[in-house]
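Data file: model37.txt. Format and content: compact mmCIF, C-alpha atoms.
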```txt
# COMPACT_ATOMS: atom_id res chain seq x y z
CA MET E 1 -13.69 21.07 10.41
CA ALA E 2 -14.14 23.14 13.56
CA ILE E 3 -10.97 23.34 15.60
CA SER E 4 -12.33 25.94 18.01
CA ASP E 5 -15.10 23.52 19.07
CA VAL E 6 -13.07 20.62 20.41
CA LYS E 7 -16.13 18.45 21.04
CA GLU E 8 -17.04 18.66 17.37
CA TYR E 9 -13.50 17.74 16.48
CA ALA E 10 -14.36 14.45 18.15
CA HIS E 11 -11.89 12.71 20.41
CA LEU E 12 -9.67 15.40 21.94
CA THR E 13 -10.74 17.18 25.10
CA GLU E 14 -9.71 20.78 25.71
CA ALA E 15 -7.10 19.47 28.13
CA ASP E 16 -5.77 17.12 25.44
CA VAL E 17 -5.34 20.00 22.99
CA GLU E 18 -3.61 22.18 25.56
CA ALA E 19 -1.29 19.30 26.49
CA LEU E 20 -0.48 18.79 22.81
CA GLY E 21 0.30 22.49 22.49
CA ALA E 22 2.63 22.30 25.50
CA GLU E 23 4.52 19.44 23.86
CA PHE E 24 4.95 21.46 20.68
CA ASP E 25 6.21 24.39 22.75
CA ALA E 26 8.77 22.04 24.30
CA ILE E 27 10.00 21.03 20.83
CA ARG E 28 10.44 24.71 19.95
CA ARG E 29 12.44 25.37 23.12
CA ASP E 30 14.68 22.38 22.48
CA ILE E 31 15.52 23.44 18.93
CA GLU E 32 16.04 27.11 19.85
CA SER E 33 18.38 26.14 22.69
CA THR E 34 20.54 23.96 20.43
CA ARG E 35 20.88 26.27 17.40
CA GLY E 36 24.53 26.94 16.78
CA GLU E 37 27.56 26.67 14.55
CA ARG E 38 26.35 23.49 12.84
CA ASP E 39 23.22 25.27 11.62
CA ALA E 40 25.09 28.43 10.62
CA ARG E 41 27.59 26.36 8.66
CA TYR E 42 24.73 24.61 6.89
CA ILE E 43 23.07 27.75 5.52
CA ARG E 44 26.39 29.32 4.53
CA ASN E 45 27.36 26.16 2.64
CA VAL E 46 23.97 26.17 0.89
CA ILE E 47 24.52 29.77 -0.23
CA ARG E 48 28.00 28.88 -1.52
CA LEU E 49 26.58 25.91 -3.44
CA GLN E 50 23.80 28.00 -4.97
CA ARG E 51 26.18 30.72 -6.10
CA ALA E 52 28.61 28.17 -7.54
CA LEU E 53 25.78 26.58 -9.53
CA GLU E 54 24.61 29.95 -10.84
CA ILE E 55 28.11 31.05 -11.86
CA SER E 56 28.73 27.68 -13.54
CA GLY E 57 25.42 27.83 -15.38
CA ARG E 58 25.93 31.35 -16.65
CA THR E 59 29.48 30.52 -17.69
CA VAL E 60 28.39 27.46 -19.66
CA LEU E 61 25.77 29.57 -21.44
CA PHE E 62 28.49 31.50 -23.23
CA ALA E 63 28.54 28.42 -25.46
CA SER E 64 24.74 28.00 -25.40
CA PHE E 65 24.63 27.94 -29.22
CA LEU E 66 25.79 24.33 -28.73
CA PRO E 67 22.85 22.10 -27.63
CA PRO E 68 24.82 20.24 -24.89
CA ALA E 69 25.95 23.56 -23.39
CA TRP E 70 22.38 24.91 -23.57
CA LEU E 71 21.04 21.86 -21.72
CA ALA E 72 23.83 21.97 -19.13
CA GLY E 73 23.28 25.69 -18.59
CA VAL E 74 19.53 25.22 -18.11
CA ALA E 75 20.10 22.36 -15.65
CA LEU E 76 22.67 24.29 -13.59
CA LEU E 77 20.76 27.55 -13.61
CA GLY E 78 17.39 25.88 -12.95
CA THR E 79 18.84 24.02 -9.96
CA SER E 80 20.42 27.23 -8.70
CA LYS E 81 17.14 29.10 -8.94
CA ILE E 82 15.23 26.34 -7.13
CA ILE E 83 17.71 26.34 -4.25
CA GLU E 84 17.73 30.14 -4.03
CA ASN E 85 13.95 30.30 -4.13
CA MET E 86 13.15 27.50 -1.68
CA GLU E 87 15.97 26.56 0.69
CA ILE E 88 17.44 30.07 0.87
CA GLY E 89 14.98 32.84 -0.03
CA HIS E 90 11.80 31.33 1.39
CA ASN E 91 13.46 30.25 4.62
CA VAL E 92 15.61 33.33 5.13
CA MET E 93 12.56 35.57 4.75
CA HIS E 94 10.76 33.49 7.36
CA GLY E 95 13.42 34.64 9.82
CA GLN E 96 14.86 31.14 10.24
CA TRP E 97 18.39 32.52 10.39
CA ASP E 98 17.78 35.86 12.11
CA TRP E 99 19.24 34.44 15.32
CA MET E 100 22.68 34.54 13.64
CA ASN E 101 22.50 38.37 13.42
CA ASP E 102 24.18 38.19 10.01
CA PRO E 103 22.85 41.09 7.90
CA GLU E 104 23.54 39.17 4.67
CA ILE E 105 21.01 36.46 5.52
CA HIS E 106 18.59 38.36 7.72
CA SER E 107 14.88 38.41 6.92
CA THR E 108 14.81 42.21 6.87
CA HIS E 109 17.46 42.46 4.14
CA TRP E 110 17.04 39.50 1.80
CA GLU E 111 15.62 40.19 -1.67
CA TRP E 112 15.08 36.98 -3.56
CA ASP E 113 15.58 36.10 -7.24
CA ASN E 114 11.86 36.30 -7.98
CA ALA E 115 9.41 38.65 -9.68
CA GLY E 116 7.61 39.49 -6.42
CA PRO E 117 9.02 42.02 -3.94
CA SER E 118 10.15 40.34 -0.73
CA LYS E 119 8.21 42.68 1.54
CA HIS E 120 4.96 41.89 -0.29
CA TRP E 121 5.54 38.15 0.02
CA LYS E 122 6.39 38.41 3.70
CA HIS E 123 2.96 39.94 4.36
CA THR E 124 0.84 37.56 2.27
CA HIS E 125 2.85 34.48 3.25
CA ASN E 126 4.50 34.97 6.64
CA TYR E 127 1.52 36.76 8.15
CA LEU E 128 -1.70 35.92 6.31
CA HIS E 129 -0.90 32.37 5.21
CA HIS E 130 0.87 31.13 8.31
CA LYS E 131 -1.47 32.77 10.79
CA TYR E 132 -4.65 31.82 8.93
CA THR E 133 -3.47 28.60 7.29
CA ASN E 134 -6.14 27.16 4.98
CA VAL E 135 -8.86 29.46 6.38
CA LEU E 136 -11.12 30.39 3.50
CA GLY E 137 -11.44 34.15 3.06
CA MET E 138 -8.33 34.90 5.11
CA ASP E 139 -5.55 32.79 3.57
CA ASP E 140 -4.86 34.02 0.02
CA ASP E 141 -2.90 30.84 -0.71
CA ILE E 142 -6.16 28.86 -0.95
CA GLY E 143 -6.34 28.64 -4.71
CA TYR E 144 -4.38 31.91 -5.07
CA GLY E 145 -7.64 33.72 -5.83
CA LEU E 146 -7.88 31.68 -9.03
CA LEU E 147 -8.60 28.03 -8.26
CA ARG E 148 -11.45 26.30 -6.46
CA VAL E 149 -9.76 23.80 -4.14
CA THR E 150 -12.40 23.25 -1.43
CA ARG E 151 -16.16 22.74 -1.43
CA ASP E 152 -16.42 25.60 1.04
CA GLN E 153 -15.80 27.82 -2.00
CA ARG E 154 -19.08 28.41 -3.83
CA TRP E 155 -18.91 27.09 -7.40
CA LYS E 156 -19.04 29.65 -10.22
CA PRO E 157 -18.98 29.08 -14.00
CA PHE E 158 -15.47 30.55 -13.98
CA ASN E 159 -14.30 27.46 -12.08
CA ILE E 160 -14.80 25.25 -15.16
CA GLY E 161 -11.33 26.38 -16.22
CA ASN E 162 -9.66 25.14 -13.01
CA PRO E 163 -7.22 22.71 -14.72
CA VAL E 164 -6.28 25.23 -17.44
CA TYR E 165 -5.75 27.99 -14.90
CA ASN E 166 -3.41 25.77 -12.90
CA LEU E 167 -1.36 24.85 -15.97
CA VAL E 168 -0.84 28.56 -16.64
CA LEU E 169 -0.27 29.35 -12.95
CA GLN E 170 2.45 26.75 -12.48
CA SER E 171 4.41 27.94 -15.53
CA LEU E 172 4.16 31.61 -14.48
CA PHE E 173 4.13 30.96 -10.74
CA GLU E 174 6.55 33.74 -9.78
CA TYR E 175 4.24 36.28 -11.44
CA GLY E 176 1.22 34.79 -9.71
CA VAL E 177 3.00 35.26 -6.40
CA ALA E 178 4.05 38.78 -7.45
CA ILE E 179 0.48 39.98 -8.01
CA GLN E 180 -1.03 38.07 -5.09
CA HIS E 181 -0.43 40.93 -2.64
CA LEU E 182 -2.25 43.37 -4.96
CA GLU E 183 -5.64 41.71 -4.29
CA LEU E 184 -6.84 42.37 -7.82
CA GLY E 185 -10.19 40.80 -6.98
CA LYS E 186 -11.10 43.84 -4.89
CA ILE E 187 -10.33 46.11 -7.82
CA ALA E 188 -12.39 43.98 -10.20
CA ALA E 189 -15.30 43.99 -7.74
CA GLY E 190 -15.16 47.79 -7.45
CA LYS E 191 -14.35 47.69 -3.74
CA VAL E 192 -11.38 50.07 -4.14
CA GLN E 193 -12.45 53.38 -5.63
CA PRO E 194 -10.16 55.97 -7.32
CA GLY E 195 -9.15 58.87 -5.10
CA THR E 196 -9.33 56.86 -1.86
CA PRO E 197 -6.39 56.04 0.44
CA GLU E 198 -6.92 52.37 -0.44
CA ARG E 199 -6.47 53.14 -4.14
CA ALA E 200 -3.31 55.16 -3.43
CA GLU E 201 -1.94 52.18 -1.49
CA PHE E 202 -2.85 49.85 -4.36
CA ASP E 203 -1.10 52.10 -6.90
CA ARG E 204 2.02 52.16 -4.71
CA LYS E 205 2.08 48.37 -4.54
CA VAL E 206 1.63 48.10 -8.32
CA ASP E 207 4.63 50.39 -8.83
CA GLU E 208 6.73 48.21 -6.54
CA VAL E 209 5.73 45.03 -8.35
CA LEU E 210 6.42 46.53 -11.77
CA ALA E 211 9.82 47.78 -10.60
CA LYS E 212 10.77 44.29 -9.37
CA VAL E 213 9.44 42.57 -12.51
CA LYS E 214 11.41 45.01 -14.67
CA LYS E 215 14.58 44.37 -12.69
CA GLN E 216 14.20 40.59 -13.01
CA ALA E 217 13.38 40.77 -16.72
CA LEU E 218 16.37 43.00 -17.46
CA LYS E 219 18.70 40.66 -15.57
CA ASP E 220 17.54 37.37 -17.12
CA TYR E 221 16.41 38.45 -20.57
CA VAL E 222 18.65 41.38 -21.47
CA VAL E 223 21.84 41.83 -19.41
CA PHE E 224 23.01 38.23 -19.04
CA PRO E 225 22.08 37.25 -22.62
CA LEU E 226 23.95 40.34 -23.92
CA LEU E 227 27.04 39.32 -21.96
CA THR E 228 27.19 36.08 -23.95
CA GLY E 229 27.44 37.99 -27.24
CA PRO E 230 26.58 35.79 -30.23
CA SER E 231 24.79 33.36 -27.91
CA PHE E 232 22.25 36.06 -26.94
CA PHE E 233 19.07 34.32 -28.09
CA HIS E 234 20.21 30.89 -26.90
CA THR E 235 21.03 32.31 -23.47
CA LEU E 236 17.70 34.15 -23.33
CA THR E 237 15.77 30.95 -24.00
CA ALA E 238 17.92 29.06 -21.50
CA ASN E 239 17.16 31.64 -18.81
CA LEU E 240 13.47 31.42 -19.66
CA ALA E 241 13.58 27.62 -19.41
CA ALA E 242 15.37 27.79 -16.04
CA ASN E 243 12.73 30.16 -14.67
CA VAL E 244 9.89 27.93 -15.88
CA ILE E 245 11.54 24.89 -14.28
CA ARG E 246 11.84 26.78 -10.99
CA ASN E 247 8.20 27.96 -11.25
CA ILE E 248 6.76 24.51 -11.95
CA TRP E 249 8.81 22.88 -9.20
CA SER E 250 7.87 25.54 -6.63
CA ASN E 251 4.21 25.26 -7.57
CA ALA E 252 4.26 21.47 -7.32
CA VAL E 253 5.92 21.44 -3.90
CA ILE E 254 3.58 24.08 -2.48
CA PHE E 255 0.45 22.42 -3.87
CA CYS E 256 1.58 19.03 -2.54
CA GLY E 257 1.85 20.60 0.90
CA HIS E 258 -1.63 22.15 0.94
CA PHE E 259 -4.09 20.50 -1.45
CA PRO E 260 -3.74 16.69 -1.45
CA ASP E 261 -6.14 14.38 0.39
CA GLY E 262 -6.13 14.96 4.14
CA ALA E 263 -5.01 18.61 4.07
CA GLU E 264 -8.10 20.12 5.69
CA LYS E 265 -9.59 23.51 4.85
CA PHE E 266 -11.35 25.74 7.38
CA THR E 267 -13.84 28.60 7.57
CA LYS E 268 -13.63 31.83 9.56
CA ALA E 269 -16.02 30.45 12.15
CA ASP E 270 -13.58 27.61 12.82
CA ILE E 271 -10.97 29.95 14.33
CA ASP E 272 -13.20 32.03 16.61
CA ASN E 273 -11.46 32.30 19.99
CA GLU E 274 -8.73 29.94 18.80
CA THR E 275 -6.00 29.28 21.36
CA HIS E 276 -2.33 28.85 20.47
CA ALA E 277 -2.65 25.10 21.10
CA GLN E 278 -5.62 24.95 18.74
CA TRP E 279 -3.56 26.88 16.18
CA TYR E 280 -0.93 24.10 16.39
CA LEU E 281 -3.65 21.52 15.79
CA ARG E 282 -4.97 23.42 12.77
CA GLN E 283 -1.48 23.57 11.26
CA MET E 284 -1.14 19.79 11.55
CA LEU E 285 -4.51 19.07 10.02
CA GLY E 286 -4.17 21.65 7.24
CA SER E 287 -0.79 20.50 5.94
CA ALA E 288 0.67 17.49 4.12
CA ASN E 289 4.21 16.18 3.77
CA ILE E 290 6.17 14.70 0.86
CA SER E 291 8.12 11.55 1.63
CA GLY E 292 11.61 11.06 0.22
CA GLY E 293 15.31 11.15 0.89
CA LYS E 294 17.73 13.91 1.77
CA LEU E 295 17.98 15.19 -1.81
CA MET E 296 14.20 15.51 -2.07
CA HIS E 297 14.04 17.40 1.23
CA PHE E 298 16.86 19.71 0.20
CA MET E 299 15.45 20.53 -3.23
CA THR E 300 12.07 21.36 -1.72
CA GLY E 301 13.64 23.78 0.71
CA ASN E 302 12.64 21.20 3.32
CA LEU E 303 9.01 22.07 2.54
CA SER E 304 8.58 18.34 2.06
CA HIS E 305 8.28 18.67 5.85
CA GLN E 306 5.31 20.99 5.36
CA ILE E 307 3.63 19.94 8.61
CA GLU E 308 6.74 20.77 10.60
CA HIS E 309 7.21 24.01 8.67
CA HIS E 310 3.67 25.13 9.47
CA LEU E 311 4.15 24.28 13.12
CA PHE E 312 7.51 26.07 13.34
CA PRO E 313 7.93 28.37 10.32
CA ASP E 314 10.84 30.32 11.83
CA LEU E 315 12.97 27.39 13.00
CA PRO E 316 15.95 26.40 10.78
CA SER E 317 14.84 24.20 7.89
CA ASN E 318 17.75 21.79 8.34
CA ARG E 319 16.23 20.78 11.69
CA TYR E 320 12.83 19.77 10.29
CA ALA E 321 13.83 16.14 9.79
CA GLU E 322 14.56 15.64 13.49
CA ILE E 323 11.47 17.66 14.44
CA ALA E 324 9.41 15.37 12.20
CA VAL E 325 10.34 12.33 14.30
CA ARG E 326 8.92 13.96 17.41
CA VAL E 327 5.82 15.25 15.61
CA ARG E 328 4.98 11.76 14.34
CA GLU E 329 5.36 10.42 17.87
CA LEU E 330 2.84 13.01 19.07
CA CYS E 331 0.45 12.05 16.26
CA ASP E 332 0.65 8.44 17.45
CA LYS E 333 0.21 9.48 21.08
CA TYR E 334 -2.89 11.60 20.39
CA ASP E 335 -4.21 9.38 17.57
CA LEU E 336 -4.01 12.15 14.99
CA PRO E 337 -3.39 11.76 11.24
CA TYR E 338 0.04 12.56 9.82
CA THR E 339 -0.61 13.17 6.13
CA THR E 340 2.31 12.21 3.93
CA GLY E 341 3.04 10.55 0.59
CA SER E 342 5.45 10.47 -2.32
CA LEU E 343 5.68 13.47 -4.66
CA PRO E 344 3.85 11.75 -7.56
CA VAL E 345 1.04 10.58 -5.26
CA GLN E 346 0.58 13.94 -3.53
CA TYR E 347 0.79 15.83 -6.83
CA PHE E 348 -1.80 13.55 -8.41
CA LYS E 349 -4.17 14.05 -5.46
CA ALA E 350 -3.79 17.83 -5.63
CA TRP E 351 -4.53 17.80 -9.36
CA ARG E 352 -7.46 15.45 -8.84
CA THR E 353 -9.03 17.88 -6.38
CA ILE E 354 -8.44 20.82 -8.73
CA ALA E 355 -10.05 18.91 -11.62
CA LYS E 356 -13.01 17.63 -9.57
CA LEU E 357 -13.86 21.00 -8.08
CA SER E 358 -14.04 22.59 -11.51
CA LEU E 359 -17.52 21.04 -11.56
CA PRO E 360 -20.59 22.01 -9.50
CA ASN E 361 -21.09 19.91 -6.37
CA LYS E 362 -24.23 18.28 -7.80
CA TYR E 363 -22.08 16.50 -10.40
CA LEU E 364 -19.65 15.12 -7.81
CA ARG E 365 -20.11 11.65 -6.41
CA HIS E 366 -18.95 12.44 -2.88
CA THR E 367 -20.23 14.99 -0.40
CA ALA E 368 -18.05 17.36 1.63
CA ASP E 369 -18.08 14.83 4.47
CA ASP E 370 -17.03 11.70 2.62
CA ALA E 371 -14.85 13.05 -0.18
CA PRO E 372 -11.29 11.71 -0.17
CA GLU E 373 -9.79 15.20 -0.12
CA THR E 374 -11.21 15.97 3.34
CA ALA E 375 -10.44 14.51 6.76
CA SER E 376 -13.68 15.88 8.23
CA GLU E 377 -14.57 14.23 11.50
CA ARG E 378 -18.13 13.90 10.24
CA ARG E 379 -16.91 11.16 7.89
CA PHE E 380 -16.46 8.93 10.92
CA ASN E 381 -19.51 9.66 13.04
CA GLY E 382 -20.88 6.44 14.46
CA ARG E 383 -17.69 4.59 13.68
CA ALA E 384 -14.52 4.79 15.71
CA VAL E 385 -13.89 8.39 16.76
CA GLY E 386 -14.37 9.05 20.46
CA THR E 387 -15.15 5.44 21.40
CA ILE E 388 -13.03 3.40 23.79
CA ASP E 389 -10.73 0.80 22.30
CA PRO E 390 -11.45 -2.42 24.26
CA VAL E 391 -7.83 -3.58 23.93
CA THR E 392 -5.89 -0.43 24.85
CA GLY E 393 -8.57 1.28 26.94
CA LYS E 394 -7.86 4.54 25.09
CA ARG E 395 -10.30 6.72 23.19
CA ARG E 396 -9.99 6.16 19.47
CA GLY E 397 -9.01 9.20 17.47
CA LEU E 398 -9.08 10.55 13.95
CA ARG E 399 -6.11 8.52 12.72
CA THR E 400 -7.73 5.25 13.81
CA ALA E 401 -11.03 6.27 12.24
CA ILE E 402 -9.39 7.11 8.93
CA ALA E 403 -7.62 3.73 8.86
CA GLU E 404 -10.81 1.84 9.72
CA GLY E 405 -12.79 3.83 7.16
CA ARG E 406 -10.27 2.92 4.48
CA ARG E 407 -10.44 -0.76 5.44
CA ARG E 408 -14.23 -0.68 5.21
CA LEU E 409 -14.02 0.97 1.80
CA THR E 410 -11.52 -1.64 0.62
CA ARG E 411 -13.77 -4.46 1.78
CA ARG E 412 -16.80 -2.94 0.05
CA THR E 413 -15.00 -2.50 -3.27
CA SER E 414 -13.37 -5.92 -3.18
CA ALA E 415 -16.49 -7.86 -2.11
CA PRO E 416 -18.03 -8.12 -5.63
CA VAL E 417 -14.74 -9.34 -7.00
CA ALA E 418 -14.46 -11.99 -4.34
CA ALA E 419 -18.06 -13.08 -4.93
CA ALA E 420 -17.50 -13.30 -8.66
CA SER E 421 -14.45 -15.48 -8.21
```

Output the file's structure as structure tokens, nothing else.
Amino acid sequence: MAISDVKEYAHLTEADVEALGAEFDAIRRDIESTRGERDARYIRNVIRLQRALEISGRTVLFASFLPPAWLAGVALLGTSKIIENMEIGHNVMHGQWDWMNDPEIHSTHWEWDNAGPSKHWKHTHNYLHHKYTNVLGMDDDIGYGLLRVTRDQRWKPFNIGNPVYNLVLQSLFEYGVAIQHLELGKIAAGKVQPGTPERAEFDRKVDEVLAKVKKQALKDYVVFPLLTGPSFFHTLTANLAANVIRNIWSNAVIFCGHFPDGAEKFTKADIDNETHAQWYLRQMLGSANISGGKLMHFMTGNLSHQIEHHLFPDLPSNRYAEIAVRVRELCDKYDLPYTTGSLPVQYFKAWRTIAKLSLPNKYLRHTADDAPETASERRFNGRAVGTIDPVTGKRRGLRTAIAEGRRRLTRRTSAPVAAAS
């Protein structure tokens, strides 16, 4: 998928892309000009709720030797950790609330309840991931250096373990995020030699990660369990369970936003001379949403609006729902896909891609251009993209082509059944 070459992208002219970018800029201005007390009250109430849940959970765990108390403590603490991780920590560190000038919830001061140091995450996520979203070789979030999630990644025998690696990664996700900034692959490949400035920088980062991991481990597995006295071991296991729940949930939400069908991947060549408007377009095509109600959006840190988050990562998360309405209107206007689906559907698709790509390409039925996990414009060459719709007089775009391609596929698969009947 080449975004920098608009003609290859198919139906959008350079003027179309620039006009789309201007409309996204207008959305940003509108939201920034209306931020105020309502938004500030929202994040402060979320923080109060999270702290109340944590205090309640840790209080209940004093009686964690009783199974009902253990379960209640895990539920309360797990929910608290999810909210702190996703709706507070992730979004605060994106600078979504910096406009309030409140040092307590400013991106430069927040240290989240997670094994990874905040400043490491802000570099790998805020900078590398959001600037180079889904660009292979530049965005470390593509498979987290462990999984093969796109055919642009050359298959290696190591990739056979894709499904097993993801099972381990989702359970220990906070530690996977913690070591992501260390770029251990460079060490393993011998690219960072002892005695060099690069090695000194690596050693410094390792010390910072170990210090944060130690702090988190002492808090959850020593200090708080000790405070509950005779319930020490029950509290320890409850804290462990709450952390695993938070890790699996975070992993699922993030993977549903980046790896299901329709979330396109890119290569370095695709972003040569990329304009800001083209960057907007790449964010739309490289992201996927999770449908659901207000509770779903809240518990995902509003990352169920992953498309909107990638377009505007530093705008308040509580505004993504209203932004989403305008983004969908623009997708209709420019005939662009808006990838969304329920959590089970998106999670299944992400897992399907991970499982499929554990195998060499020669064993896969589809090619890179007709596989369900890609929205490559080459899937629709000779079909609808770029042609003029005789009814509307407009050029057909990628969204129309995808819909027509699906209808053709449905007709092909249902034809034998119809004939047999």

Dump as a Markdown table the rows for residues of region 203-272 of chain E within 12 Å of region 112-123 of chain E: closest atom pair and distance in Å with one decimal, only C-alpha atoms counted, ordered by chain and rising residue number.
```
| residue | atom | partner | partner_atom | distance |
| --- | --- | --- | --- | --- |
| E:Arg204 | CA | E:His120 | CA | 11.6 |
| E:Lys205 | CA | E:His120 | CA | 8.3 |
| E:Val206 | CA | E:Pro117 | CA | 10.5 |
| E:Asp207 | CA | E:Pro117 | CA | 10.6 |
| E:Glu208 | CA | E:Pro117 | CA | 7.1 |
| E:Val209 | CA | E:Gly116 | CA | 6.2 |
| E:Leu210 | CA | E:Ala115 | CA | 8.7 |
| E:Ala211 | CA | E:Pro117 | CA | 8.8 |
| E:Lys212 | CA | E:Ala115 | CA | 5.8 |
| E:Val213 | CA | E:Ala115 | CA | 4.8 |
| E:Lys214 | CA | E:Ala115 | CA | 8.3 |
| E:Lys215 | CA | E:Ala115 | CA | 8.3 |
| E:Gln216 | CA | E:Ala115 | CA | 6.1 |
| E:Ala217 | CA | E:Ala115 | CA | 8.4 |
| E:Leu218 | CA | E:Ala115 | CA | 11.3 |
| E:Lys219 | CA | E:Asp113 | CA | 10.0 |
| E:Asp220 | CA | E:Asp113 | CA | 10.2 |
| E:Asn243 | CA | E:Asn114 | CA | 9.1 |
| E:Val244 | CA | E:Asn114 | CA | 11.7 |
| E:Arg246 | CA | E:Asn114 | CA | 10.0 |
| E:Asn247 | CA | E:Asn114 | CA | 9.7 |
| E:Ser250 | CA | E:Asn114 | CA | 11.6 |
```

Residue neighbourhood region 274-282 of chain E, 12 Å, only C-alpha atoms, exclusion window fewer than 5 positions, as a VMD selection string
chain E and resid 1 to 6 9 12 to 25 28 130 to 135 263 to 269 287 to 288 307 to 313 327 330 to 331 334 336 to 338

Restricting it to C-alpha atoms, dump the selection as a PDB file, in the frame of the given file.
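Output contents, as saved in part-v1.pdb:
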```pdb
ATOM      1  CA  MET E   1     -13.690  21.070  10.410  1.00  0.00           C
ATOM      2  CA  ALA E   2     -14.140  23.140  13.560  1.00  0.00           C
ATOM      3  CA  ILE E   3     -10.970  23.340  15.600  1.00  0.00           C
ATOM      4  CA  SER E   4     -12.330  25.940  18.010  1.00  0.00           C
ATOM      5  CA  ASP E   5     -15.100  23.520  19.070  1.00  0.00           C
ATOM      6  CA  VAL E   6     -13.070  20.620  20.410  1.00  0.00           C
ATOM      7  CA  TYR E   9     -13.500  17.740  16.480  1.00  0.00           C
ATOM      8  CA  LEU E  12      -9.670  15.400  21.940  1.00  0.00           C
ATOM      9  CA  THR E  13     -10.740  17.180  25.100  1.00  0.00           C
ATOM     10  CA  GLU E  14      -9.710  20.780  25.710  1.00  0.00           C
ATOM     11  CA  ALA E  15      -7.100  19.470  28.130  1.00  0.00           C
ATOM     12  CA  ASP E  16      -5.770  17.120  25.440  1.00  0.00           C
ATOM     13  CA  VAL E  17      -5.340  20.000  22.990  1.00  0.00           C
ATOM     14  CA  GLU E  18      -3.610  22.180  25.560  1.00  0.00           C
ATOM     15  CA  ALA E  19      -1.290  19.300  26.490  1.00  0.00           C
ATOM     16  CA  LEU E  20      -0.480  18.790  22.810  1.00  0.00           C
ATOM     17  CA  GLY E  21       0.300  22.490  22.490  1.00  0.00           C
ATOM     18  CA  ALA E  22       2.630  22.300  25.500  1.00  0.00           C
ATOM     19  CA  GLU E  23       4.520  19.440  23.860  1.00  0.00           C
ATOM     20  CA  PHE E  24       4.950  21.460  20.680  1.00  0.00           C
ATOM     21  CA  ASP E  25       6.210  24.390  22.750  1.00  0.00           C
ATOM     22  CA  ARG E  28      10.440  24.710  19.950  1.00  0.00           C
ATOM     23  CA  HIS E 130       0.870  31.130   8.310  1.00  0.00           C
ATOM     24  CA  LYS E 131      -1.470  32.770  10.790  1.00  0.00           C
ATOM     25  CA  TYR E 132      -4.650  31.820   8.930  1.00  0.00           C
ATOM     26  CA  THR E 133      -3.470  28.600   7.290  1.00  0.00           C
ATOM     27  CA  ASN E 134      -6.140  27.160   4.980  1.00  0.00           C
ATOM     28  CA  VAL E 135      -8.860  29.460   6.380  1.00  0.00           C
ATOM     29  CA  ALA E 263      -5.010  18.610   4.070  1.00  0.00           C
ATOM     30  CA  GLU E 264      -8.100  20.120   5.690  1.00  0.00           C
ATOM     31  CA  LYS E 265      -9.590  23.510   4.850  1.00  0.00           C
ATOM     32  CA  PHE E 266     -11.350  25.740   7.380  1.00  0.00           C
ATOM     33  CA  THR E 267     -13.840  28.600   7.570  1.00  0.00           C
ATOM     34  CA  LYS E 268     -13.630  31.830   9.560  1.00  0.00           C
ATOM     35  CA  ALA E 269     -16.020  30.450  12.150  1.00  0.00           C
ATOM     36  CA  SER E 287      -0.790  20.500   5.940  1.00  0.00           C
ATOM     37  CA  ALA E 288       0.670  17.490   4.120  1.00  0.00           C
ATOM     38  CA  ILE E 307       3.630  19.940   8.610  1.00  0.00           C
ATOM     39  CA  GLU E 308       6.740  20.770  10.600  1.00  0.00           C
ATOM     40  CA  HIS E 309       7.210  24.010   8.670  1.00  0.00           C
ATOM     41  CA  HIS E 310       3.670  25.130   9.470  1.00  0.00           C
ATOM     42  CA  LEU E 311       4.150  24.280  13.120  1.00  0.00           C
ATOM     43  CA  PHE E 312       7.510  26.070  13.340  1.00  0.00           C
ATOM     44  CA  PRO E 313       7.930  28.370  10.320  1.00  0.00           C
ATOM     45  CA  VAL E 327       5.820  15.250  15.610  1.00  0.00           C
ATOM     46  CA  LEU E 330       2.840  13.010  19.070  1.00  0.00           C
ATOM     47  CA  CYS E 331       0.450  12.050  16.260  1.00  0.00           C
ATOM     48  CA  TYR E 334      -2.890  11.600  20.390  1.00  0.00           C
ATOM     49  CA  LEU E 336      -4.010  12.150  14.990  1.00  0.00           C
ATOM     50  CA  PRO E 337      -3.390  11.760  11.240  1.00  0.00           C
ATOM     51  CA  TYR E 338       0.040  12.560   9.820  1.00  0.00           C
TER      52      TYR E 338
END
```

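Note that CA of Met86 (chain E) and CA of Leu357 (chain E) are 28.5 Å apart.
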
Proximity to Gln96 (chain E) - best of E:Glu174, E:Glu32, E:Asp335, E:Asp272, all atoms listed in the file
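The closest residue to Gln96 (chain E) is E:Glu32.
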
Listed atoms of region 194-203 of chain E boxed axis-aligned with 5 Å per side, centre + edges as AutoDock Vina command-line options:
```
--center_x -5.6 --center_y 54.4 --center_z -3.4 --size_x 19.1 --size_y 19.0 --size_z 17.8
```

Hey, which of E:Leu295, E:Val46, E:Ile354, E:Met100 ends up closest to Asp261 (chain E)? Count all atoms listed in the file.
E:Ile354

Name the residues in contact with region 228-234 of chain E at a cut-off of 6 Å, using only C-alpha atoms, excluding same-chain residues fewer than 6 positions from it; report them as a list in words.
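Skipping anything fewer than 6 positions along the chain leaves Phe62, Ser64 and Phe65 of chain E.
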
Go ahead and save the picked residues with C-alpha atoms, as a tab-separated table (two decimals), in the coordinates of the input.
```
chain	number	residue	atom	x	y	z
E	62	PHE	CA	28.49	31.50	-23.23
E	64	SER	CA	24.74	28.00	-25.40
E	65	PHE	CA	24.63	27.94	-29.22
```

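Straight-line separation from CA of Trp110 (chain E) to CA of Leu53 (chain E): 19.3 Å.
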
Would you please work out which residue, of E:Arg41, E:Phe158, E:Asp102, E:Ile271, is nearest to Leu136 (chain E) when using all atoms listed in the file?
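Of all the options, E:Ile271 lies closest to Leu136 (chain E).
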